[in-house]
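K.L.:
First the structure, which I've put down as structure tokens, then a few questions once you've had a look.
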Amino acid sequence: MSNSPHFPRIAIIGAGIGGLTLAIALRRRGVNAQVFEQASELREIGAAVALSANGTRELERLNCLDGLVSSATEPSELIYRDGISGERIAALPVAHDNAYRSRFGAPYLGVHRADLQKVLGNAHGLDDLHLGHRLTGIDEAPGALRLSFANGHTCEANLVIGADGVRSLVRRFVTGADSVLYSGTSAFRGIVSAERLPQLPDPRAIQFWMGQDAHLLHYAIGPEGGDVNFFAVTEGPAVWDAPTSTTPCQPEDAEHAFAGWHPAVTEMVCGEPQHVRWGLFTVRPLQQWRRGRAVLIGDSAHGMLPHHGQGANTSIEDAITLTELLLDRRLDGLDAVMSHYQALRRARTRLIQRSSRDTNRVLHLPPSETKSRDTHLAAFAERFGWIHEFDALATARGDGADLQL
């Protein structure tokens, strides 16, 4: 199929979770894509990632799940707590009684991002993977797009897929603008050995600790849950002046933001001095995900706040959807494919973007509004089950037929 002169030559920009998943899915179906990654090696970016059923069901179809399960932790519960008192506000079983898998048909996993990158990298291999290729330009060519890279390499592709993250160059080509928005919130993050957290209740649970203008999310990672990944979010600064998503900070910044919180929170956030602050950015909802022969997936199309843990999972959904729609399509059918892909993905990801933004407000409510917050969280399964139960492959196929890749 990929050798046909009528089938598009595909270039994927970015070898992150979305880009590699797309390349693996295409190859499983007999299509080879060229993947261009600006880093000189596939390596960890960020600390950890939570994979929910809408992501893990697709990784299982790609035969990538077993390698992850051996290095991941399945949370015991999802728990919401008051950040000051530690009171359990709401809880849902995950691994307990196999509740999550029974409801959604696939596991929920906490995994170190480096382990996920390793599994995907091994599944793809080095063939058709071009490291050290930072995209610098996209130009129109007859029936194709010409790509230019900082190392001097150039090539042409009939279809260019931007999987290059929230600060995507492909998106600038597609939309003519940057479209990155600072959310007005920032975070401190890290990984701490569970042995160093004696005040932490339920260390194998995924937990949100909530308070006015801040919250802490953490979950266990690793084969035995021996490490805890945390993400501590605060309001501000009002303006993000740094040219990148990180900026240096003073250790007292994190200490001040969570002063007076439950000892388990301060033990985790302040256990080691924090020297980096992460700005939280989103992508403005896009009217168009494609321009001619360029199309977007993942954070480049719908970068969102992390409060539903759906950045990686929706990138996987995009990759599976686009793969399915591309199969057996000739060059003259690309317009229809791209239109269908955008129609399937834009509404869902926009809803998750909006819900993630609204969840930030719920997690940061003042004490006077906690009653409405607690009612909201108690109905978590009913409110947000639609995110986890989603089946990207079945949706792309339009039915629930044979779903094995």
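If you're wondering about the labels, chains in the structure tokens are A, B, ... by order shown, residues count from 1 in each chain, ligands from 1 in order shown.
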Going by DSSP on the backbone, which residues of stretch 119-266 of chain A come out as strand (DSSP E or B)? List them as a PDB file with C-alpha atoms, in the first residue's frame.
P.N.:
ATOM      1  CA  LEU A 129      12.878   7.731  12.325  1.00  0.00           C
ATOM      2  CA  HIS A 130      14.988  10.835  11.731  1.00  0.00           C
ATOM      3  CA  LEU A 135      11.609  21.714  11.336  1.00  0.00           C
ATOM      4  CA  THR A 136      12.242  25.295  10.252  1.00  0.00           C
ATOM      5  CA  GLY A 137      10.035  25.779   7.202  1.00  0.00           C
ATOM      6  CA  ILE A 138       7.093  24.470   5.197  1.00  0.00           C
ATOM      7  CA  ASP A 139       6.566  25.519   1.600  1.00  0.00           C
ATOM      8  CA  GLU A 140       4.026  24.616  -1.042  1.00  0.00           C
ATOM      9  CA  ALA A 141       5.219  22.378  -3.872  1.00  0.00           C
ATOM     10  CA  ALA A 144       3.190  18.195  -1.965  1.00  0.00           C
ATOM     11  CA  LEU A 145       4.756  20.212   0.843  1.00  0.00           C
ATOM     12  CA  ARG A 146       8.497  20.869   1.012  1.00  0.00           C
ATOM     13  CA  LEU A 147       9.975  20.580   4.502  1.00  0.00           C
ATOM     14  CA  SER A 148      13.182  22.311   5.574  1.00  0.00           C
ATOM     15  CA  PHE A 149      15.142  21.385   8.693  1.00  0.00           C
ATOM     16  CA  THR A 154      14.925  18.993   2.895  1.00  0.00           C
ATOM     17  CA  CYS A 155      12.243  16.602   1.673  1.00  0.00           C
ATOM     18  CA  GLU A 156       8.762  16.550   0.183  1.00  0.00           C
ATOM     19  CA  ALA A 157       5.626  14.815   1.427  1.00  0.00           C
ATOM     20  CA  LEU A 159       0.767  14.713   3.699  1.00  0.00           C
ATOM     21  CA  VAL A 160       2.459  16.429   6.652  1.00  0.00           C
ATOM     22  CA  ILE A 161       1.122  15.606  10.125  1.00  0.00           C
ATOM     23  CA  GLY A 162       1.990  18.047  12.880  1.00  0.00           C
ATOM     24  CA  VAL A 180      -0.900  29.441  22.381  1.00  0.00           C
ATOM     25  CA  LEU A 181      -2.669  30.820  25.457  1.00  0.00           C
ATOM     26  CA  TYR A 182      -1.268  31.129  28.972  1.00  0.00           C
ATOM     27  CA  SER A 183      -3.904  29.871  31.404  1.00  0.00           C
ATOM     28  CA  GLY A 184      -3.012  32.142  34.318  1.00  0.00           C
ATOM     29  CA  THR A 185      -1.896  29.104  36.320  1.00  0.00           C
ATOM     30  CA  SER A 186       1.442  27.390  36.863  1.00  0.00           C
ATOM     31  CA  ALA A 187       2.781  24.284  38.535  1.00  0.00           C
ATOM     32  CA  PHE A 188       5.570  22.716  40.528  1.00  0.00           C
ATOM     33  CA  ARG A 189       6.257  19.071  39.755  1.00  0.00           C
ATOM     34  CA  GLY A 190       8.457  16.178  40.712  1.00  0.00           C
ATOM     35  CA  ILE A 191       8.846  12.513  41.602  1.00  0.00           C
ATOM     36  CA  VAL A 192       9.361  11.452  45.221  1.00  0.00           C
ATOM     37  CA  SER A 193      10.041   8.017  46.665  1.00  0.00           C
ATOM     38  CA  ILE A 206      -4.492   8.856  42.424  1.00  0.00           C
ATOM     39  CA  GLN A 207      -5.427  11.836  44.604  1.00  0.00           C
ATOM     40  CA  PHE A 208      -6.449  15.466  44.286  1.00  0.00           C
ATOM     41  CA  TRP A 209      -5.903  17.705  47.329  1.00  0.00           C
ATOM     42  CA  MET A 210      -7.996  20.852  46.880  1.00  0.00           C
ATOM     43  CA  GLY A 211      -7.839  24.333  48.366  1.00  0.00           C
ATOM     44  CA  ALA A 214      -4.321  25.766  44.400  1.00  0.00           C
ATOM     45  CA  HIS A 215      -4.446  21.978  44.217  1.00  0.00           C
ATOM     46  CA  LEU A 216      -2.111  18.996  44.285  1.00  0.00           C
ATOM     47  CA  LEU A 217      -2.455  15.921  42.069  1.00  0.00           C
ATOM     48  CA  HIS A 218      -0.325  12.836  42.626  1.00  0.00           C
ATOM     49  CA  TYR A 219      -0.249   9.166  41.672  1.00  0.00           C
ATOM     50  CA  ALA A 220       2.112   6.232  42.070  1.00  0.00           C
ATOM     51  CA  ILE A 221       4.310   5.087  39.203  1.00  0.00           C
ATOM     52  CA  ASP A 227       7.591   6.429  43.404  1.00  0.00           C
ATOM     53  CA  VAL A 228       4.957   9.152  43.526  1.00  0.00           C
ATOM     54  CA  ASN A 229       4.595  11.664  40.710  1.00  0.00           C
ATOM     55  CA  PHE A 230       3.133  15.002  41.804  1.00  0.00           C
ATOM     56  CA  PHE A 231       1.821  18.079  40.040  1.00  0.00           C
ATOM     57  CA  ALA A 232       1.090  21.062  42.301  1.00  0.00           C
ATOM     58  CA  VAL A 233      -0.922  23.818  40.588  1.00  0.00           C
ATOM     59  CA  THR A 234      -1.366  27.410  41.751  1.00  0.00           C
ATOM     60  CA  GLU A 235      -3.033  30.516  40.403  1.00  0.00           C
ATOM     61  CA  THR A 246       9.406  26.929  32.280  1.00  0.00           C
ATOM     62  CA  THR A 247      11.061  29.617  34.322  1.00  0.00           C
ATOM     63  CA  PRO A 248      13.405  29.569  37.342  1.00  0.00           C
TER      64      PRO A 248
END
K.L.:
Taking the DSSP assignment computed from this structure's backbone, write out as a PyMOL selection string all residues of stretch 225-331 of chain A that belong to helix (DSSP H, G or I).
P.N.:
chain A and resi 251-257+263-269+299-302+306-308+311-326+331
K.L.:
Output C-alpha atoms of each residue in that selection to a file, as a short mmCIF file (atom, residue, chain, number, x, y, z; two decimals), in the first residue's frame.
P.N.:
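Printed below is result.cif as written:
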data_model
loop_
_atom_site.label_atom_id
_atom_site.label_comp_id
_atom_site.auth_asym_id
_atom_site.auth_seq_id
_atom_site.Cartn_x
_atom_site.Cartn_y
_atom_site.Cartn_z
CA PRO A 251 12.02 27.27 46.74
CA GLU A 252 9.95 29.56 48.94
CA ASP A 253 7.51 30.08 46.06
CA ALA A 254 6.19 26.52 46.43
CA GLU A 255 6.40 26.67 50.21
CA HIS A 256 4.35 29.86 50.29
CA ALA A 257 1.71 28.54 47.88
CA PRO A 263 1.38 17.69 56.16
CA ALA A 264 1.18 15.12 53.36
CA VAL A 265 0.97 17.98 50.84
CA THR A 266 3.83 20.06 52.21
CA GLU A 267 5.92 16.93 52.71
CA MET A 268 5.56 16.14 49.02
CA VAL A 269 5.78 19.59 47.45
CA ASP A 299 -1.27 19.10 21.60
CA SER A 300 -0.58 20.96 18.36
CA ALA A 301 -4.33 20.84 17.68
CA HIS A 302 -5.88 20.90 21.15
CA PRO A 306 -3.89 18.61 32.53
CA HIS A 307 -6.69 18.41 35.09
CA HIS A 308 -8.40 15.43 33.42
CA GLY A 311 -3.31 15.22 26.85
CA ALA A 312 -1.60 11.90 26.07
CA ASN A 313 -4.86 9.96 25.76
CA THR A 314 -6.47 12.31 23.25
CA SER A 315 -3.24 12.32 21.23
CA ILE A 316 -3.49 8.53 21.02
CA GLU A 317 -7.14 8.85 19.98
CA ASP A 318 -6.16 11.28 17.21
CA ALA A 319 -3.47 8.92 15.93
CA ILE A 320 -5.79 5.90 15.79
CA THR A 321 -8.57 7.90 14.12
CA LEU A 322 -6.32 9.33 11.43
CA THR A 323 -4.75 5.95 10.74
CA GLU A 324 -8.11 4.31 10.20
CA LEU A 325 -9.33 7.06 7.88
CA LEU A 326 -6.16 7.05 5.79
CA LEU A 331 -3.95 10.95 -3.12
#
K.L.:
Could you check which of A:Gly55, A:Gly125, A:Gly333, A:Gly67 is closest to A:Arg27, using only C-alpha atoms?
P.N.:
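For A:Arg27, the nearest of the candidates is A:Gly125.
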K.L.:
Counting only C-alpha atoms, figure out which residue out of A:His388, A:Arg361, A:Thr349, A:Trp289 gets nearest to A:His376.
P.N.:
A:Arg361
K.L.:
Can you list, as a list in words, every protein, DNA or RNA residue that comes within 12 Å of A:Pro223 when you count only C-alpha atoms, leaving out same-chain residues fewer than 3 positions away?
P.N.:
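Returned residues: Gly67, Leu68, Val69, Ser70, Ser71, Ala72, Thr73, Glu74, Pro75, Leu109, Gly110, Val111, His112, Asp115, Arg204, Ala220, Gly226, Asp227 and Val228 of chain A.
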K.L.:
Kindly save the residues from that selection, with N, CA and C atoms included, as a PDB file, in the first residue's frame.
P.N.:
ATOM      1  N   GLY A  67       4.058  -4.262  27.654  1.00  0.00           N
ATOM      2  CA  GLY A  67       5.323  -3.649  28.045  1.00  0.00           C
ATOM      3  C   GLY A  67       5.153  -2.516  29.024  1.00  0.00           C
ATOM      4  N   LEU A  68       4.006  -1.858  28.977  1.00  0.00           N
ATOM      5  CA  LEU A  68       3.733  -0.765  29.919  1.00  0.00           C
ATOM      6  C   LEU A  68       3.294  -1.274  31.279  1.00  0.00           C
ATOM      7  N   VAL A  69       2.425  -2.291  31.268  1.00  0.00           N
ATOM      8  CA  VAL A  69       1.870  -2.798  32.525  1.00  0.00           C
ATOM      9  C   VAL A  69       2.983  -3.249  33.467  1.00  0.00           C
ATOM     10  N   SER A  70       4.037  -3.820  32.921  1.00  0.00           N
ATOM     11  CA  SER A  70       5.125  -4.326  33.758  1.00  0.00           C
ATOM     12  C   SER A  70       5.919  -3.220  34.436  1.00  0.00           C
ATOM     13  N   SER A  71       5.785  -1.984  33.942  1.00  0.00           N
ATOM     14  CA  SER A  71       6.538  -0.875  34.540  1.00  0.00           C
ATOM     15  C   SER A  71       5.621   0.227  35.076  1.00  0.00           C
ATOM     16  N   ALA A  72       4.329  -0.069  35.202  1.00  0.00           N
ATOM     17  CA  ALA A  72       3.356   0.942  35.606  1.00  0.00           C
ATOM     18  C   ALA A  72       2.646   0.531  36.887  1.00  0.00           C
ATOM     19  N   THR A  73       1.873   1.460  37.433  1.00  0.00           N
ATOM     20  CA  THR A  73       1.053   1.201  38.612  1.00  0.00           C
ATOM     21  C   THR A  73      -0.404   1.474  38.279  1.00  0.00           C
ATOM     22  N   GLU A  74      -1.279   0.553  38.649  1.00  0.00           N
ATOM     23  CA  GLU A  74      -2.708   0.777  38.526  1.00  0.00           C
ATOM     24  C   GLU A  74      -3.201   1.340  39.860  1.00  0.00           C
ATOM     25  N   PRO A  75      -3.732   2.567  39.876  1.00  0.00           N
ATOM     26  CA  PRO A  75      -4.133   3.168  41.151  1.00  0.00           C
ATOM     27  C   PRO A  75      -5.199   2.341  41.856  1.00  0.00           C
ATOM     28  N   LEU A 109      -3.542   3.505  34.168  1.00  0.00           N
ATOM     29  CA  LEU A 109      -2.161   3.279  34.574  1.00  0.00           C
ATOM     30  C   LEU A 109      -1.430   4.592  34.834  1.00  0.00           C
ATOM     31  N   GLY A 110      -0.596   4.579  35.875  1.00  0.00           N
ATOM     32  CA  GLY A 110       0.364   5.648  36.084  1.00  0.00           C
ATOM     33  C   GLY A 110       1.730   5.144  35.660  1.00  0.00           C
ATOM     34  N   VAL A 111       2.363   5.838  34.729  1.00  0.00           N
ATOM     35  CA  VAL A 111       3.619   5.341  34.167  1.00  0.00           C
ATOM     36  C   VAL A 111       4.602   6.489  34.014  1.00  0.00           C
ATOM     37  N   HIS A 112       5.861   6.200  34.264  1.00  0.00           N
ATOM     38  CA  HIS A 112       6.900   7.193  34.013  1.00  0.00           C
ATOM     39  C   HIS A 112       6.934   7.464  32.510  1.00  0.00           C
ATOM     40  N   ASP A 115       9.344   5.514  30.486  1.00  0.00           N
ATOM     41  CA  ASP A 115       8.985   4.124  30.203  1.00  0.00           C
ATOM     42  C   ASP A 115       8.020   4.037  29.024  1.00  0.00           C
ATOM     43  N   ARG A 204      -0.997   4.493  47.005  1.00  0.00           N
ATOM     44  CA  ARG A 204      -1.176   3.916  45.668  1.00  0.00           C
ATOM     45  C   ARG A 204      -2.413   4.473  44.961  1.00  0.00           C
ATOM     46  N   ALA A 220       0.936   7.097  42.009  1.00  0.00           N
ATOM     47  CA  ALA A 220       2.112   6.232  42.070  1.00  0.00           C
ATOM     48  C   ALA A 220       2.508   5.778  40.672  1.00  0.00           C
ATOM     49  N   GLY A 226       6.535   2.375  43.762  1.00  0.00           N
ATOM     50  CA  GLY A 226       7.509   2.865  44.720  1.00  0.00           C
ATOM     51  C   GLY A 226       7.790   4.347  44.643  1.00  0.00           C
ATOM     52  N   ASP A 227       7.402   4.989  43.556  1.00  0.00           N
ATOM     53  CA  ASP A 227       7.591   6.429  43.404  1.00  0.00           C
ATOM     54  C   ASP A 227       6.238   7.101  43.240  1.00  0.00           C
ATOM     55  N   VAL A 228       6.184   8.366  43.632  1.00  0.00           N
ATOM     56  CA  VAL A 228       4.957   9.152  43.526  1.00  0.00           C
ATOM     57  C   VAL A 228       5.235  10.377  42.661  1.00  0.00           C
TER      58      VAL A 228
END
K.L.:
Which residues come within 10 Å of A:Leu169, counting only C-alpha atoms, excluding same-chain residues fewer than 2 positions away, as a PyMOL selection string?
P.N.:
chain A and resi 13+134-138+162-167+171-174+176-178+300
K.L.:
Using only C-alpha atoms, which protein or nucleic acid residues come within 8 Å of A:Gly309? Drop anything in the same chain fewer than 5 positions from it, and give the result as a compact mmCIF listing (two decimals) with N, CA and C atoms, in the first residue's frame.
P.N.:
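See result-v1.txt below for the written result:
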# COMPACT_ATOMS: atom_id res chain seq x y z
N VAL A 49 2.96 10.19 33.22
CA VAL A 49 1.73 10.36 32.46
C VAL A 49 0.70 9.37 32.99
N ALA A 50 -0.56 9.82 33.05
CA ALA A 50 -1.66 8.94 33.43
C ALA A 50 -2.38 8.50 32.16
N LEU A 51 -2.52 7.20 31.99
CA LEU A 51 -3.17 6.65 30.82
C LEU A 51 -4.51 6.05 31.23
K.L.:
Would you mind listing what lies within 10 Å of A:Asp358 as a PyMOL selection string, with only C-alpha atoms counted and same-chain residues fewer than 5 positions away left out?
P.N.:
chain A and resi 305+307+352-353+363
K.L.:
Neighbours of A:Val94 within 8 Å (only C-alpha atoms; same-chain residues fewer than 2 positions away dropped), as a PyMOL selection string?
P.N.:
chain A and resi 74-78+92+96-101+108
K.L.:
How many Å lie between atom CA of A:Gln34 and atom CA of A:Leu20, rounded to one decimal?
P.N.:
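Distance reported for this atom pair: 10.5 Å.
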K.L.:
I'd like to know which of A:Ala123, A:Ile297, A:Ala39, A:Ala150 is closest to A:Val170, using only C-alpha atoms.
P.N.:
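Looking at the shortest contact to A:Val170, the residue is A:Ile297.
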K.L.:
Find, counting only C-alpha atoms, the residue in A:Ile387, A:Leu344, A:Val295, A:Leu197 that gets nearest to A:Gly271.
P.N.:
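Closest to A:Gly271 of all the choices is A:Leu197.
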K.L.:
Do you have the atom CA of A:Lys371-atom CA of A:Leu351 distance handy?
P.N.:
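Computed distance, atom CA of A:Lys371 to atom CA of A:Leu351, equals 24.8 Å.
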